[in-house]
Amino acid sequence: MILPFLAEMVYRVVQSKTMEHNTDPGAASQSIGELPYAVPVQVLQIDGSSDHLPLLRNASKWDSLEPFQITRKRTLAAGLEALQSSLFRIVLLDLSVSTLPQIESLTEVLGVAKGLPVIVLVNEGSMTNGSEAMRRGAQNYLLRGCKSDALLHILKHTMERQFLLAEIEDGKQSIARESHELRNALACIHQFGNILLDGLAGPISEDQREYVGIMLNNVSRVRVIVENLREPDEFVADSIPSTIGAY
Amino acid sequence: MDGTTKNTILVVDDNADLRKALSLRLQANGYNVLTAADALSATTTIVKQEPNLVILDLGLPCGDGFVVMERLQKHDRLAQIPVIVLTGRGKANNMDRALRAGATAFFQKPVEDGQLLLAIWKALDVHRVPVNN
């Protein structure tokens, strides 16, 4: 079983974040909000395509991508080397950046990116590559030649998703700690209750036996609750949408 | 156990109340009991006293239960001492790891006394550990 109230809380947060994006594509120009990002947010673009296939439809819009700062590497090797630093928070990957088969480029990057979100860049007409990339672990895909608003939008969504995942991870850690403490406390009550019941600490009256029995029954009830707390992983993976669609 | 000798069990847990409760229960069932509150003193006690069995918590100061098991596995003789893990940590991330590290059995707290005593009895019987005293 999952932890219902926490699952619901996570669901609501995610819904509100997702609705914010889905209902208003123009929201891309909104402020990044109260999320505690260190700015500028460094984005690594691994893109070997020629300049006549620009990422943005209007090259002059690069300046409007604040708070994101994009660093471009033109080869897969240079990109992987840059990824070794902890500078970058998001990777934009051109699937055709190396002579490797396209998905293998992604596998290489995912292996080095260590949990960083990877957004693949696809050309119009090859969106199936984007879908396949997402099945292999990319977070999203972006059509080359998009508007700067679309790029900004997808970068913001990516950061918000990362932020939510980090919050959920904190929640999981907290639940694990509290579950551990609860189990220790329950174990003490359980052990000493049974010591009393078994007369190891001296004889007890029938009334006392009944009361200790009630106490132990309630320990069992709390134990069931703790059992349900123990595996928060179950709901986390499906709680946050990995994508809000292609741009 | 033949009535004149007792197996010795080391209870390792950083919770003093639980050490006391387990000690009472084990003594009432005919075992000698040693206790340790952290990984370092657990290892020292095992090396010096060579108990017949160890009941081991995983979350401990000065290391953890896995560190204790790892150290035991490095010694031919000490590696033969059965270890029963009794922990408040989750099964999913710890049970397989504990069994691979050499644990004989894995229980989450709180455990029923009958289950724990049965596991102890089986472990001592299977391992046929020589009685110290």
# chains A, B, ... in the order shown; residues from 1 in each chain; ligands from 1
$ residues_around --residues "region 115-123 of chain B" --least-positions-apart "5" --cutoff "8 Å" --atoms "only C-alpha atoms" --output "MDAnalysis selection string"
chainID B and resid 53 82 84 104:105
$ interface_residues --of "chain B" --to "chain A" --cutoff "10 Å" --atoms "only C-alpha atoms" --output "NGL selection string"
:B and (13-22 or 24-25 or 27-28 or 59 or 87-93 or 108-113)
$ write_last_selection --atoms "C-alpha atoms" --output "short mmCIF file (atom, residue, chain, number, x, y, z; two decimals), in the first residue's frame"
data_model
loop_
_atom_site.label_atom_id
_atom_site.label_comp_id
_atom_site.auth_asym_id
_atom_site.auth_seq_id
_atom_site.Cartn_x
_atom_site.Cartn_y
_atom_site.Cartn_z
CA ASP B 13 21.11 -2.24 19.43
CA ASP B 14 21.58 1.45 20.12
CA ASN B 15 18.23 1.59 21.90
CA ALA B 16 18.86 0.86 25.59
CA ASP B 17 15.23 -0.02 26.29
CA LEU B 18 15.20 -2.58 23.54
CA ARG B 19 18.50 -4.09 24.68
CA LYS B 20 16.99 -4.50 28.12
CA ALA B 21 13.74 -6.01 26.84
CA LEU B 22 15.53 -8.49 24.57
CA LEU B 24 15.06 -10.17 29.72
CA ARG B 25 13.33 -12.29 27.10
CA GLN B 27 17.56 -14.80 29.72
CA ALA B 28 14.08 -16.10 30.51
CA GLY B 59 21.24 1.44 12.26
CA THR B 87 16.00 -3.66 12.44
CA GLY B 88 13.63 -0.76 12.08
CA ARG B 89 14.86 -0.19 8.52
CA GLY B 90 12.77 -1.12 5.50
CA LYS B 91 12.85 -4.60 4.02
CA ALA B 92 13.04 -3.49 0.42
CA ASN B 93 16.47 -1.93 0.65
CA GLN B 108 11.72 -5.92 11.11
CA LYS B 109 10.86 -4.44 14.48
CA PRO B 110 8.68 -5.17 16.28
CA VAL B 111 9.08 -8.93 16.03
CA GLU B 112 6.98 -11.57 17.73
CA ASP B 113 8.97 -13.26 20.48
#
$ closest_residue --among "A:Val91, A:Ile175, A:Ile214, A:Ala133" --to "Gln45 (chain A)" --atoms "only C-alpha atoms"
A:Val91
$ select_by_dssp --residues "chain B" --states "alpha helix (DSSP H)" --output "count of residues only"
58
$ closest_residue --among "B:Phe66, B:Ile81, B:Arg71, B:Gly114" --to "Arg97 (chain B)" --atoms "only C-alpha atoms"
B:Phe66
$ select_by_dssp --residues "region 91-220 of chain A" --states "strand (DSSP E)" --output "NGL selection string"
:A and (91-94 or 118-122 or 140-143)
$ write_last_selection --atoms "N, CA and C atoms" --output "PDB file, in the first residue's frame"
ATOM      1  N   VAL A  91      20.468  19.040 -19.823  1.00  0.00           N
ATOM      2  CA  VAL A  91      21.221  18.770 -21.057  1.00  0.00           C
ATOM      3  C   VAL A  91      20.258  18.816 -22.244  1.00  0.00           C
ATOM      4  N   LEU A  92      20.651  19.563 -23.252  1.00  0.00           N
ATOM      5  CA  LEU A  92      19.937  19.539 -24.539  1.00  0.00           C
ATOM      6  C   LEU A  92      20.808  18.730 -25.492  1.00  0.00           C
ATOM      7  N   LEU A  93      20.280  17.651 -26.015  1.00  0.00           N
ATOM      8  CA  LEU A  93      21.112  16.744 -26.813  1.00  0.00           C
ATOM      9  C   LEU A  93      20.574  16.573 -28.227  1.00  0.00           C
ATOM     10  N   ASP A  94      21.419  16.915 -29.183  1.00  0.00           N
ATOM     11  CA  ASP A  94      21.112  16.616 -30.578  1.00  0.00           C
ATOM     12  C   ASP A  94      21.442  15.141 -30.796  1.00  0.00           C
ATOM     13  N   VAL A 118      17.593  15.108 -19.471  1.00  0.00           N
ATOM     14  CA  VAL A 118      18.101  15.262 -20.843  1.00  0.00           C
ATOM     15  C   VAL A 118      16.917  15.510 -21.773  1.00  0.00           C
ATOM     16  N   ILE A 119      17.004  16.591 -22.513  1.00  0.00           N
ATOM     17  CA  ILE A 119      15.976  16.919 -23.507  1.00  0.00           C
ATOM     18  C   ILE A 119      16.615  16.742 -24.876  1.00  0.00           C
ATOM     19  N   VAL A 120      16.026  15.902 -25.704  1.00  0.00           N
ATOM     20  CA  VAL A 120      16.649  15.667 -27.007  1.00  0.00           C
ATOM     21  C   VAL A 120      16.078  16.630 -28.047  1.00  0.00           C
ATOM     22  N   LEU A 121      16.934  16.991 -28.982  1.00  0.00           N
ATOM     23  CA  LEU A 121      16.552  17.905 -30.056  1.00  0.00           C
ATOM     24  C   LEU A 121      16.295  17.081 -31.306  1.00  0.00           C
ATOM     25  N   VAL A 122      15.126  17.238 -31.862  1.00  0.00           N
ATOM     26  CA  VAL A 122      14.804  16.456 -33.057  1.00  0.00           C
ATOM     27  C   VAL A 122      14.378  17.396 -34.181  1.00  0.00           C
ATOM     28  N   ASN A 140      12.277  14.726 -22.232  1.00  0.00           N
ATOM     29  CA  ASN A 140      11.375  15.370 -23.176  1.00  0.00           C
ATOM     30  C   ASN A 140      12.104  15.536 -24.513  1.00  0.00           C
ATOM     31  N   TYR A 141      11.410  16.032 -25.515  1.00  0.00           N
ATOM     32  CA  TYR A 141      12.088  16.365 -26.761  1.00  0.00           C
ATOM     33  C   TYR A 141      11.594  17.703 -27.279  1.00  0.00           C
ATOM     34  N   LEU A 142      12.421  18.314 -28.096  1.00  0.00           N
ATOM     35  CA  LEU A 142      12.159  19.668 -28.560  1.00  0.00           C
ATOM     36  C   LEU A 142      12.432  19.720 -30.060  1.00  0.00           C
ATOM     37  N   LEU A 143      11.525  20.310 -30.784  1.00  0.00           N
ATOM     38  CA  LEU A 143      11.711  20.412 -32.237  1.00  0.00           C
ATOM     39  C   LEU A 143      12.694  21.522 -32.570  1.00  0.00           C
TER      40      LEU A 143
END
$ atom_distance --atom1 "CA of Val47 (chain B)" --atom2 "CA of Ala101 (chain B)"
18.0 Å
$ closest_residue --among "A:Glu210, A:Val109, A:Glu104, A:Leu65" --to "Gln84 (chain A)" --atoms "only C-alpha atoms"
A:Val109
$ closest_residue --among "A:Ser174, A:Leu116, A:Leu152, A:Glu124" --to "Gln139 (chain A)" --atoms "only C-alpha atoms"
A:Leu116
$ atom_distance --atom1 "CA of Phe163 (chain A)" --atom2 "CA of Pro117 (chain A)"
11.6 Å
$ atom_distance --atom1 "CA of Gly102 (chain B)" --atom2 "CA of Asn52 (chain B)"
14.9 Å
$ closest_residue --among "A:Val97, A:Val226, A:Ile46, A:Leu106" --to "Gly79 (chain A)" --atoms "only C-alpha atoms"
A:Ile46
$ closest_residue --among "B:Ser41, B:Gln49, B:Val33, B:Leu10" --to "Val85 (chain B)" --atoms "only C-alpha atoms"
B:Leu10
